[in-house]
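Structure below is work07.cif: mmCIF, N, CA and C atoms.
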data_protein
loop_
_atom_site.label_atom_id
_atom_site.label_comp_id
_atom_site.auth_asym_id
_atom_site.auth_seq_id
_atom_site.Cartn_x
_atom_site.Cartn_y
_atom_site.Cartn_z
N MET A 97 0.86 -1.18 0.00
CA MET A 97 0.00 0.00 0.00
C MET A 97 0.90 1.23 0.00
N ASP A 98 0.64 2.12 -0.94
CA ASP A 98 1.44 3.33 -1.05
C ASP A 98 0.68 4.54 -0.51
N LYS A 99 1.27 5.74 -0.69
CA LYS A 99 0.66 6.96 -0.16
C LYS A 99 -0.71 7.23 -0.76
N LEU A 100 -0.89 6.98 -2.06
CA LEU A 100 -2.19 7.21 -2.69
C LEU A 100 -3.25 6.30 -2.07
N ASP A 101 -2.92 5.04 -1.87
CA ASP A 101 -3.86 4.13 -1.21
C ASP A 101 -4.24 4.64 0.18
N SER A 102 -3.24 5.06 0.94
CA SER A 102 -3.49 5.60 2.29
C SER A 102 -4.35 6.85 2.24
N ASP A 103 -4.08 7.71 1.29
CA ASP A 103 -4.87 8.94 1.15
C ASP A 103 -6.33 8.62 0.80
N ILE A 104 -6.52 7.68 -0.11
CA ILE A 104 -7.88 7.28 -0.50
C ILE A 104 -8.60 6.69 0.70
N LEU A 105 -7.93 5.81 1.44
CA LEU A 105 -8.56 5.21 2.63
C LEU A 105 -8.95 6.27 3.66
N ALA A 106 -8.06 7.23 3.90
CA ALA A 106 -8.35 8.29 4.87
C ALA A 106 -9.55 9.11 4.42
N ALA A 107 -9.61 9.43 3.14
CA ALA A 107 -10.73 10.23 2.63
C ALA A 107 -12.04 9.45 2.72
N LEU A 108 -12.01 8.18 2.37
CA LEU A 108 -13.24 7.37 2.45
C LEU A 108 -13.64 7.10 3.89
N ALA A 109 -12.68 6.99 4.79
CA ALA A 109 -13.00 6.81 6.21
C ALA A 109 -13.72 8.04 6.76
N ALA A 110 -13.32 9.21 6.28
CA ALA A 110 -13.98 10.45 6.71
C ALA A 110 -15.36 10.60 6.11
N ASP A 111 -15.53 10.17 4.84
CA ASP A 111 -16.83 10.26 4.16
C ASP A 111 -16.85 9.23 3.03
N SER A 112 -17.46 8.08 3.31
CA SER A 112 -17.45 6.99 2.33
C SER A 112 -18.30 7.28 1.09
N SER A 113 -19.04 8.37 1.11
CA SER A 113 -19.85 8.71 -0.07
C SER A 113 -19.15 9.67 -1.02
N THR A 114 -17.87 9.98 -0.76
CA THR A 114 -17.12 10.89 -1.62
C THR A 114 -17.00 10.29 -3.02
N PRO A 115 -17.43 11.01 -4.04
CA PRO A 115 -17.34 10.49 -5.41
C PRO A 115 -15.89 10.28 -5.84
N THR A 116 -15.67 9.26 -6.66
CA THR A 116 -14.32 8.97 -7.14
C THR A 116 -13.76 10.14 -7.94
N ALA A 117 -14.61 10.86 -8.66
CA ALA A 117 -14.13 12.01 -9.44
C ALA A 117 -13.56 13.09 -8.51
N LEU A 118 -14.21 13.32 -7.38
CA LEU A 118 -13.71 14.30 -6.42
C LEU A 118 -12.39 13.83 -5.81
N LEU A 119 -12.30 12.55 -5.48
CA LEU A 119 -11.04 12.01 -4.95
C LEU A 119 -9.92 12.16 -5.98
N ALA A 120 -10.24 11.88 -7.23
CA ALA A 120 -9.24 12.00 -8.30
C ALA A 120 -8.71 13.43 -8.40
N ARG A 121 -9.61 14.41 -8.38
CA ARG A 121 -9.19 15.81 -8.43
C ARG A 121 -8.34 16.17 -7.20
N ARG A 122 -8.78 15.71 -6.04
CA ARG A 122 -8.08 16.03 -4.80
C ARG A 122 -6.65 15.49 -4.81
N PHE A 123 -6.45 14.29 -5.38
CA PHE A 123 -5.14 13.66 -5.34
C PHE A 123 -4.36 13.78 -6.65
N GLY A 124 -4.94 14.48 -7.64
CA GLY A 124 -4.23 14.75 -8.88
C GLY A 124 -3.99 13.53 -9.75
N VAL A 125 -4.95 12.60 -9.76
CA VAL A 125 -4.84 11.40 -10.60
C VAL A 125 -6.14 11.22 -11.38
N ALA A 126 -6.15 10.29 -12.31
CA ALA A 126 -7.34 10.02 -13.10
C ALA A 126 -8.39 9.30 -12.26
N ARG A 127 -9.68 9.55 -12.59
CA ARG A 127 -10.78 8.88 -11.90
C ARG A 127 -10.64 7.37 -11.99
N SER A 128 -10.22 6.87 -13.15
CA SER A 128 -10.06 5.42 -13.33
C SER A 128 -8.97 4.86 -12.41
N THR A 129 -7.97 5.67 -12.10
CA THR A 129 -6.92 5.24 -11.17
C THR A 129 -7.49 5.07 -9.77
N VAL A 130 -8.29 6.04 -9.34
CA VAL A 130 -8.91 5.95 -8.01
C VAL A 130 -9.84 4.74 -7.96
N GLN A 131 -10.65 4.56 -8.99
CA GLN A 131 -11.58 3.44 -9.03
C GLN A 131 -10.83 2.10 -8.98
N ALA A 132 -9.74 1.99 -9.74
CA ALA A 132 -8.95 0.75 -9.74
C ALA A 132 -8.33 0.50 -8.37
N ARG A 133 -7.85 1.57 -7.73
CA ARG A 133 -7.26 1.42 -6.39
C ARG A 133 -8.31 0.95 -5.38
N ILE A 134 -9.50 1.53 -5.44
CA ILE A 134 -10.57 1.14 -4.51
C ILE A 134 -10.94 -0.33 -4.74
N GLU A 135 -11.07 -0.74 -5.99
CA GLU A 135 -11.41 -2.13 -6.29
C GLU A 135 -10.33 -3.08 -5.78
N ARG A 136 -9.06 -2.70 -5.96
CA ARG A 136 -7.97 -3.54 -5.47
C ARG A 136 -7.98 -3.63 -3.94
N LEU A 137 -8.23 -2.51 -3.27
CA LEU A 137 -8.30 -2.51 -1.81
C LEU A 137 -9.46 -3.37 -1.31
N LYS A 138 -10.56 -3.38 -2.04
CA LYS A 138 -11.68 -4.25 -1.69
C LYS A 138 -11.32 -5.72 -1.88
N ARG A 139 -10.70 -6.04 -3.01
CA ARG A 139 -10.31 -7.44 -3.29
C ARG A 139 -9.33 -7.97 -2.24
N LYS A 140 -8.40 -7.13 -1.81
CA LYS A 140 -7.39 -7.54 -0.83
C LYS A 140 -7.95 -7.60 0.60
N GLY A 141 -9.16 -7.08 0.80
CA GLY A 141 -9.76 -7.10 2.13
C GLY A 141 -9.42 -5.89 2.98
N THR A 142 -8.69 -4.94 2.43
CA THR A 142 -8.39 -3.72 3.17
C THR A 142 -9.65 -2.91 3.38
N ILE A 143 -10.50 -2.86 2.36
CA ILE A 143 -11.83 -2.24 2.48
C ILE A 143 -12.83 -3.39 2.55
N ALA A 144 -13.54 -3.47 3.67
CA ALA A 144 -14.51 -4.55 3.85
C ALA A 144 -15.91 -4.13 3.41
N GLY A 145 -16.15 -2.84 3.27
CA GLY A 145 -17.46 -2.36 2.87
C GLY A 145 -17.58 -0.88 3.14
N PHE A 146 -18.71 -0.35 2.76
CA PHE A 146 -19.01 1.07 2.95
C PHE A 146 -20.27 1.16 3.79
N THR A 147 -20.32 2.13 4.67
CA THR A 147 -21.46 2.23 5.58
C THR A 147 -21.73 3.69 5.92
N ILE A 148 -22.76 3.90 6.70
CA ILE A 148 -23.06 5.23 7.19
C ILE A 148 -22.70 5.32 8.67
N LYS A 149 -22.54 6.51 9.14
CA LYS A 149 -22.32 6.76 10.56
C LYS A 149 -23.50 7.59 11.04
N LEU A 150 -24.24 7.08 12.01
CA LEU A 150 -25.42 7.78 12.50
C LEU A 150 -25.04 9.12 13.11
N GLY A 151 -25.87 10.11 12.89
CA GLY A 151 -25.66 11.44 13.44
C GLY A 151 -26.23 11.56 14.84
N ASP A 152 -25.98 12.70 15.45
CA ASP A 152 -26.40 12.93 16.83
C ASP A 152 -27.91 12.80 17.02
N VAL A 153 -28.69 13.21 16.03
CA VAL A 153 -30.14 13.13 16.15
C VAL A 153 -30.59 11.68 16.28
N ALA A 154 -30.07 10.81 15.44
CA ALA A 154 -30.43 9.39 15.49
C ALA A 154 -29.88 8.73 16.76
N LEU A 155 -28.66 9.08 17.12
CA LEU A 155 -28.05 8.47 18.30
C LEU A 155 -28.69 8.92 19.59
N ALA A 156 -29.25 10.11 19.61
CA ALA A 156 -29.85 10.65 20.83
C ALA A 156 -31.04 9.81 21.30
N ARG A 157 -31.65 9.07 20.38
CA ARG A 157 -32.80 8.25 20.74
C ARG A 157 -32.39 6.87 21.27
N ARG A 158 -31.10 6.61 21.36
CA ARG A 158 -30.63 5.30 21.79
C ARG A 158 -29.78 5.44 23.04
N ILE A 159 -30.03 4.57 23.99
CA ILE A 159 -29.24 4.54 25.22
C ILE A 159 -28.20 3.44 25.06
N LYS A 160 -26.93 3.81 25.20
CA LYS A 160 -25.85 2.85 25.02
C LYS A 160 -25.19 2.53 26.34
N ALA A 161 -24.65 1.31 26.40
CA ALA A 161 -23.92 0.88 27.59
C ALA A 161 -22.80 -0.06 27.18
N THR A 162 -21.76 -0.06 27.98
CA THR A 162 -20.70 -1.04 27.88
C THR A 162 -20.95 -2.04 28.99
N VAL A 163 -20.88 -3.32 28.66
CA VAL A 163 -21.13 -4.36 29.65
C VAL A 163 -19.87 -5.22 29.74
N LEU A 164 -19.33 -5.34 30.95
CA LEU A 164 -18.17 -6.17 31.22
C LEU A 164 -18.68 -7.49 31.77
N VAL A 165 -18.28 -8.60 31.14
CA VAL A 165 -18.85 -9.90 31.47
C VAL A 165 -17.76 -10.88 31.89
N GLN A 166 -17.98 -11.54 33.03
CA GLN A 166 -17.13 -12.65 33.45
C GLN A 166 -17.85 -13.94 33.09
N VAL A 167 -17.11 -14.87 32.48
CA VAL A 167 -17.69 -16.12 31.99
C VAL A 167 -17.06 -17.29 32.73
N GLU A 168 -17.89 -18.30 33.04
CA GLU A 168 -17.38 -19.52 33.66
C GLU A 168 -16.36 -20.18 32.74
N ALA A 169 -15.42 -20.89 33.32
CA ALA A 169 -14.39 -21.59 32.53
C ALA A 169 -15.05 -22.51 31.52
N ARG A 170 -14.53 -22.53 30.32
CA ARG A 170 -14.97 -23.37 29.20
C ARG A 170 -16.40 -23.10 28.74
N ALA A 171 -16.97 -21.97 29.12
CA ALA A 171 -18.33 -21.64 28.67
C ALA A 171 -18.35 -20.51 27.65
N SER A 172 -17.18 -20.00 27.32
CA SER A 172 -17.10 -18.81 26.48
C SER A 172 -17.79 -18.98 25.13
N THR A 173 -17.56 -20.09 24.45
CA THR A 173 -18.14 -20.28 23.12
C THR A 173 -19.66 -20.25 23.17
N SER A 174 -20.25 -20.98 24.11
CA SER A 174 -21.72 -21.01 24.18
C SER A 174 -22.29 -19.67 24.63
N VAL A 175 -21.59 -18.98 25.54
CA VAL A 175 -22.06 -17.67 25.99
C VAL A 175 -22.03 -16.68 24.82
N VAL A 176 -20.96 -16.67 24.05
CA VAL A 176 -20.86 -15.75 22.92
C VAL A 176 -21.97 -16.05 21.91
N GLN A 177 -22.24 -17.32 21.64
CA GLN A 177 -23.31 -17.67 20.70
C GLN A 177 -24.66 -17.14 21.18
N ARG A 178 -24.94 -17.27 22.46
CA ARG A 178 -26.21 -16.76 23.01
C ARG A 178 -26.26 -15.23 22.95
N ILE A 179 -25.15 -14.58 23.25
CA ILE A 179 -25.11 -13.11 23.22
C ILE A 179 -25.31 -12.61 21.79
N LYS A 180 -24.74 -13.31 20.80
CA LYS A 180 -24.90 -12.90 19.40
C LYS A 180 -26.37 -12.86 18.99
N ALA A 181 -27.21 -13.63 19.65
CA ALA A 181 -28.64 -13.67 19.32
C ALA A 181 -29.42 -12.50 19.90
N VAL A 182 -28.80 -11.69 20.73
CA VAL A 182 -29.46 -10.53 21.35
C VAL A 182 -29.32 -9.34 20.40
N PRO A 183 -30.42 -8.88 19.79
CA PRO A 183 -30.30 -7.83 18.77
C PRO A 183 -29.75 -6.51 19.28
N GLU A 184 -29.88 -6.22 20.55
CA GLU A 184 -29.38 -4.95 21.09
C GLU A 184 -27.87 -4.94 21.25
N VAL A 185 -27.23 -6.10 21.15
CA VAL A 185 -25.77 -6.17 21.27
C VAL A 185 -25.16 -5.74 19.94
N GLU A 186 -24.38 -4.67 19.97
CA GLU A 186 -23.76 -4.14 18.76
C GLU A 186 -22.37 -4.69 18.53
N ILE A 187 -21.60 -4.87 19.61
CA ILE A 187 -20.20 -5.28 19.51
C ILE A 187 -19.90 -6.26 20.65
N ILE A 188 -19.11 -7.29 20.34
CA ILE A 188 -18.60 -8.21 21.35
C ILE A 188 -17.08 -8.27 21.18
N HIS A 189 -16.36 -7.98 22.25
CA HIS A 189 -14.90 -8.11 22.25
C HIS A 189 -14.52 -9.17 23.29
N SER A 190 -13.56 -10.03 22.97
CA SER A 190 -12.96 -10.86 24.01
C SER A 190 -11.78 -10.06 24.54
N THR A 191 -11.44 -10.30 25.79
CA THR A 191 -10.41 -9.48 26.41
C THR A 191 -9.61 -10.28 27.44
N SER A 192 -8.53 -9.71 27.89
CA SER A 192 -7.77 -10.30 28.98
C SER A 192 -8.07 -9.50 30.24
N GLY A 193 -7.72 -10.04 31.38
CA GLY A 193 -7.96 -9.32 32.63
C GLY A 193 -9.11 -9.92 33.42
N ARG A 194 -9.69 -9.12 34.29
CA ARG A 194 -10.75 -9.61 35.19
C ARG A 194 -12.00 -10.02 34.44
N PHE A 195 -12.27 -9.40 33.30
CA PHE A 195 -13.47 -9.69 32.53
C PHE A 195 -13.09 -10.42 31.25
N ASP A 196 -13.98 -11.28 30.79
CA ASP A 196 -13.71 -12.09 29.61
C ASP A 196 -14.25 -11.46 28.33
N LEU A 197 -15.35 -10.73 28.46
CA LEU A 197 -15.99 -10.11 27.31
C LEU A 197 -16.32 -8.66 27.61
N ILE A 198 -16.26 -7.83 26.58
CA ILE A 198 -16.75 -6.46 26.65
C ILE A 198 -17.81 -6.33 25.57
N LEU A 199 -19.00 -5.92 25.95
CA LEU A 199 -20.11 -5.77 25.01
C LEU A 199 -20.47 -4.30 24.89
N GLN A 200 -20.91 -3.90 23.72
CA GLN A 200 -21.55 -2.60 23.57
C GLN A 200 -22.99 -2.89 23.19
N ILE A 201 -23.91 -2.35 23.97
CA ILE A 201 -25.33 -2.57 23.69
C ILE A 201 -26.04 -1.24 23.54
N ALA A 202 -27.18 -1.26 22.86
CA ALA A 202 -27.98 -0.06 22.68
C ALA A 202 -29.45 -0.43 22.76
N ALA A 203 -30.23 0.40 23.42
CA ALA A 203 -31.67 0.17 23.55
C ALA A 203 -32.40 1.51 23.42
N GLU A 204 -33.67 1.43 23.11
CA GLU A 204 -34.47 2.64 22.92
C GLU A 204 -34.86 3.30 24.25
N THR A 205 -34.99 2.51 25.31
CA THR A 205 -35.44 3.04 26.60
C THR A 205 -34.59 2.46 27.73
N THR A 206 -34.68 3.06 28.91
CA THR A 206 -33.98 2.50 30.06
C THR A 206 -34.58 1.14 30.43
N GLY A 207 -35.88 1.00 30.27
CA GLY A 207 -36.52 -0.29 30.52
C GLY A 207 -36.01 -1.37 29.57
N GLY A 208 -35.84 -1.00 28.30
CA GLY A 208 -35.30 -1.94 27.32
C GLY A 208 -33.87 -2.32 27.66
N LEU A 209 -33.10 -1.34 28.10
CA LEU A 209 -31.72 -1.60 28.50
C LEU A 209 -31.68 -2.53 29.71
N ASP A 210 -32.55 -2.29 30.67
CA ASP A 210 -32.62 -3.13 31.86
C ASP A 210 -32.95 -4.58 31.50
N LYS A 211 -33.87 -4.77 30.57
CA LYS A 211 -34.25 -6.12 30.14
C LYS A 211 -33.07 -6.82 29.47
N VAL A 212 -32.36 -6.11 28.61
CA VAL A 212 -31.19 -6.70 27.93
C VAL A 212 -30.15 -7.12 28.96
N LEU A 213 -29.89 -6.27 29.94
CA LEU A 213 -28.91 -6.60 30.98
C LEU A 213 -29.35 -7.83 31.76
N ASP A 214 -30.64 -7.92 32.09
CA ASP A 214 -31.16 -9.12 32.76
C ASP A 214 -31.01 -10.36 31.89
N ASP A 215 -31.32 -10.22 30.60
CA ASP A 215 -31.20 -11.35 29.68
C ASP A 215 -29.76 -11.85 29.60
N ILE A 216 -28.82 -10.93 29.52
CA ILE A 216 -27.41 -11.31 29.44
C ILE A 216 -26.98 -11.99 30.74
N GLY A 217 -27.40 -11.42 31.87
CA GLY A 217 -27.03 -11.99 33.17
C GLY A 217 -27.60 -13.38 33.41
N SER A 218 -28.69 -13.72 32.73
CA SER A 218 -29.32 -15.03 32.93
C SER A 218 -28.81 -16.10 31.96
N ILE A 219 -27.89 -15.75 31.08
CA ILE A 219 -27.33 -16.74 30.15
C ILE A 219 -26.48 -17.73 30.94
N PRO A 220 -26.73 -19.04 30.75
CA PRO A 220 -25.91 -20.03 31.45
C PRO A 220 -24.43 -19.86 31.10
N GLY A 221 -23.59 -19.82 32.12
CA GLY A 221 -22.16 -19.62 31.91
C GLY A 221 -21.69 -18.21 32.21
N VAL A 222 -22.63 -17.27 32.32
CA VAL A 222 -22.26 -15.90 32.71
C VAL A 222 -22.14 -15.87 34.22
N ARG A 223 -20.93 -15.62 34.72
CA ARG A 223 -20.69 -15.59 36.16
C ARG A 223 -21.14 -14.26 36.76
N SER A 224 -20.79 -13.15 36.10
CA SER A 224 -21.20 -11.83 36.59
C SER A 224 -21.06 -10.82 35.46
N SER A 225 -21.66 -9.66 35.67
CA SER A 225 -21.52 -8.59 34.69
C SER A 225 -21.55 -7.25 35.41
N GLU A 226 -21.00 -6.27 34.76
CA GLU A 226 -21.00 -4.90 35.27
C GLU A 226 -21.31 -4.00 34.09
N SER A 227 -22.25 -3.08 34.26
CA SER A 227 -22.62 -2.23 33.13
C SER A 227 -22.24 -0.78 33.40
N LEU A 228 -21.89 -0.11 32.32
CA LEU A 228 -21.51 1.30 32.37
C LEU A 228 -22.35 2.02 31.32
N ILE A 229 -23.23 2.90 31.76
CA ILE A 229 -24.11 3.63 30.84
C ILE A 229 -23.32 4.77 30.20
N HIS A 230 -23.43 4.90 28.88
CA HIS A 230 -22.76 5.99 28.17
C HIS A 230 -23.59 7.26 28.33
N LEU A 231 -23.02 8.29 28.90
CA LEU A 231 -23.73 9.56 29.08
C LEU A 231 -23.53 10.48 27.88
N SER A 232 -22.29 10.62 27.43
CA SER A 232 -22.00 11.43 26.25
C SER A 232 -20.71 10.94 25.63
N THR A 233 -20.52 11.28 24.37
CA THR A 233 -19.30 10.90 23.66
C THR A 233 -18.42 12.13 23.55
N LYS A 234 -17.24 12.03 24.10
CA LYS A 234 -16.29 13.14 24.08
C LYS A 234 -15.39 13.09 22.85
N LEU A 235 -15.15 11.90 22.30
CA LEU A 235 -14.31 11.70 21.13
C LEU A 235 -14.70 10.38 20.48
N ASP A 236 -14.83 10.37 19.16
CA ASP A 236 -15.11 9.14 18.42
C ASP A 236 -14.25 9.12 17.17
N ARG A 237 -13.21 8.34 17.17
CA ARG A 237 -12.33 8.22 16.03
C ARG A 237 -12.58 6.93 15.25
N SER A 238 -13.65 6.22 15.61
CA SER A 238 -13.91 4.96 14.94
C SER A 238 -14.15 5.18 13.46
N ILE A 239 -13.76 4.19 12.70
CA ILE A 239 -13.91 4.28 11.24
C ILE A 239 -15.11 3.45 10.85
#

In structure tokens, write the structure found in this file.
Amino acid sequence: MDKLDSDILAALAADSSTPTALLARRFGVARSTVQARIERLKRKGTIAGFTIKLGDVALARRIKATVLVQVEARASTSVVQRIKAVPEVEIIHSTSGRFDLILQIAAETTGGLDKVLDDIGSIPGVRSSESLIHLSTKLDRSI
């Protein structure tokens, strides 16, 4: 991957809807060059897809929480499978340390969030959990 590839990735990470013609003008290359680079990056797996990022108005209607989960020994696979079936779970990370899993969940109401937390806590193999409600986002560099 060269500088042009990196520049294209950075521009698309900032706004994946940027037209290839605009990228070509910005980087001083032909539109077909940008298009070929994007296709190659997709084929190689560097670009996995294009998506939208929800704005503050849409996000304001959702209550998010991080859930730290301790799992019984040798129960991790079955616990993760059960958690994957919970639609409010957005992200599952395995981790080292006191907790085995870190989840990001989102619900429309505090009652909905409470139910999801109860559902996760009742999964066989979940030893304990601790939840942290997201109050505001101070920085988001996620791509």

> When DSSP works through the backbone of this structure, what residues of segment 101-234 of chain A end up as strand (DSSP E), shown as a PyMOL selection string?
Replying inline: chain A and resi 159-167+185-190+197-203+222-229

>> For this structure, which residues satisfy the selection - the PyMOL selection byres ((chain A and resi 164) around 6.5) - when it is evaluated on the file as given? I want them as a list of chain:residue names.
In response: A:Thr162, A:Val163, A:Val165, A:Gln166, A:Phe195, A:Asp196, A:Leu197, A:Ile198, A:Leu199, A:Ser224, A:Ser225, A:Glu226, A:Ser227, A:Leu228

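Shortest separation to Ala203 of chain A among A:Arg158, A:Thr173, A:Ser190, A:Ser218 occurs at residue A:Arg158, atoms counted being all atoms listed in the file.
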
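One distance worth recording is that between atom CA of Val167 of chain A and atom CA of Pro220 of chain A, which is 9.1 Å.
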
>> I need the residues in chain A that are helix (DSSP H, G or I) according to DSSP; give them as a PyMOL selection string.
In response: chain A and resi 99-110+116-123+127-139+152-155+172-180+206-217

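For the residues A:Leu231, A:Ser128, A:Glu204, A:Asp103, ranking by smallest atom-to-atom distance to Ile159 of chain A using all atoms listed in the file places A:Glu204 first.
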
> What does the distance between atom C of Lys234 of chain A and atom N of Ser192 of chain A come to in Å, to one decimal place?
Replying inline: 24.3 Å

>> Which residues are close to Leu100 of chain A, i.e. within 8 Å by all atoms listed in the file, leaving aside same-chain residues fewer than 6 positions away? Reply as a PyMOL selection string.
In response: chain A and resi 106+123+133

For Gln200 of chain A, please output as a compact mmCIF listing (two decimals) with N, CA and C atoms, in the coordinates of the input all residues within 9 Å (counting only C-alpha atoms; exclusion window: fewer than 6 positions along the same chain).
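New file selection_7.txt:
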# COMPACT_ATOMS: atom_id res chain seq x y z
N LYS A 160 -26.93 3.81 25.20
CA LYS A 160 -25.85 2.85 25.02
C LYS A 160 -25.19 2.53 26.34
N ALA A 161 -24.65 1.31 26.40
CA ALA A 161 -23.92 0.88 27.59
C ALA A 161 -22.80 -0.06 27.18
N THR A 162 -21.76 -0.06 27.98
CA THR A 162 -20.70 -1.04 27.88
C THR A 162 -20.95 -2.04 28.99
N VAL A 163 -20.88 -3.32 28.66
CA VAL A 163 -21.13 -4.36 29.65
C VAL A 163 -19.87 -5.22 29.74
N GLU A 184 -29.88 -6.22 20.55
CA GLU A 184 -29.38 -4.95 21.09
C GLU A 184 -27.87 -4.94 21.25
N VAL A 185 -27.23 -6.10 21.15
CA VAL A 185 -25.77 -6.17 21.27
C VAL A 185 -25.16 -5.74 19.94
N GLU A 186 -24.38 -4.67 19.97
CA GLU A 186 -23.76 -4.14 18.76
C GLU A 186 -22.37 -4.69 18.53
N ILE A 187 -21.60 -4.87 19.61
CA ILE A 187 -20.20 -5.28 19.51
C ILE A 187 -19.90 -6.26 20.65
N ILE A 188 -19.11 -7.29 20.34
CA ILE A 188 -18.60 -8.21 21.35
C ILE A 188 -17.08 -8.27 21.18
N HIS A 189 -16.36 -7.98 22.25
CA HIS A 189 -14.90 -8.11 22.25
C HIS A 189 -14.52 -9.17 23.29

> When you draw a straight line from atom CA of Ile179 of chain A to atom CA of Ile216 of chain A, how long is it in Å?
Replying inline: 6.9 Å

>> Can you pull out the residues contacting Phe146 of chain A? Cut-off 9 Å, using only C-alpha atoms, and skip same-chain residues under 3 positions away; I want them as a ChimeraX atom specification.
In response: /A:108-109,112-113,143

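When only N, CA and C atoms are used to compute distances to Ser174 of chain A, the closest of the residues A:Leu235, A:Ile148, A:Val125, A:Ile219 turns out to be A:Ile219.
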
Edge lengths and centre in Å to one decimal, as lines of an AutoDock Vina configuration file, is what I'm after for the box along x, y and z that holds all listed atoms of segment 126-140 of chain A once 8 Å is added on each side.
center_x = -8.9
center_y = 1.2
center_z = -6.4
size_x = 21.5
size_y = 34.3
size_z = 29.9
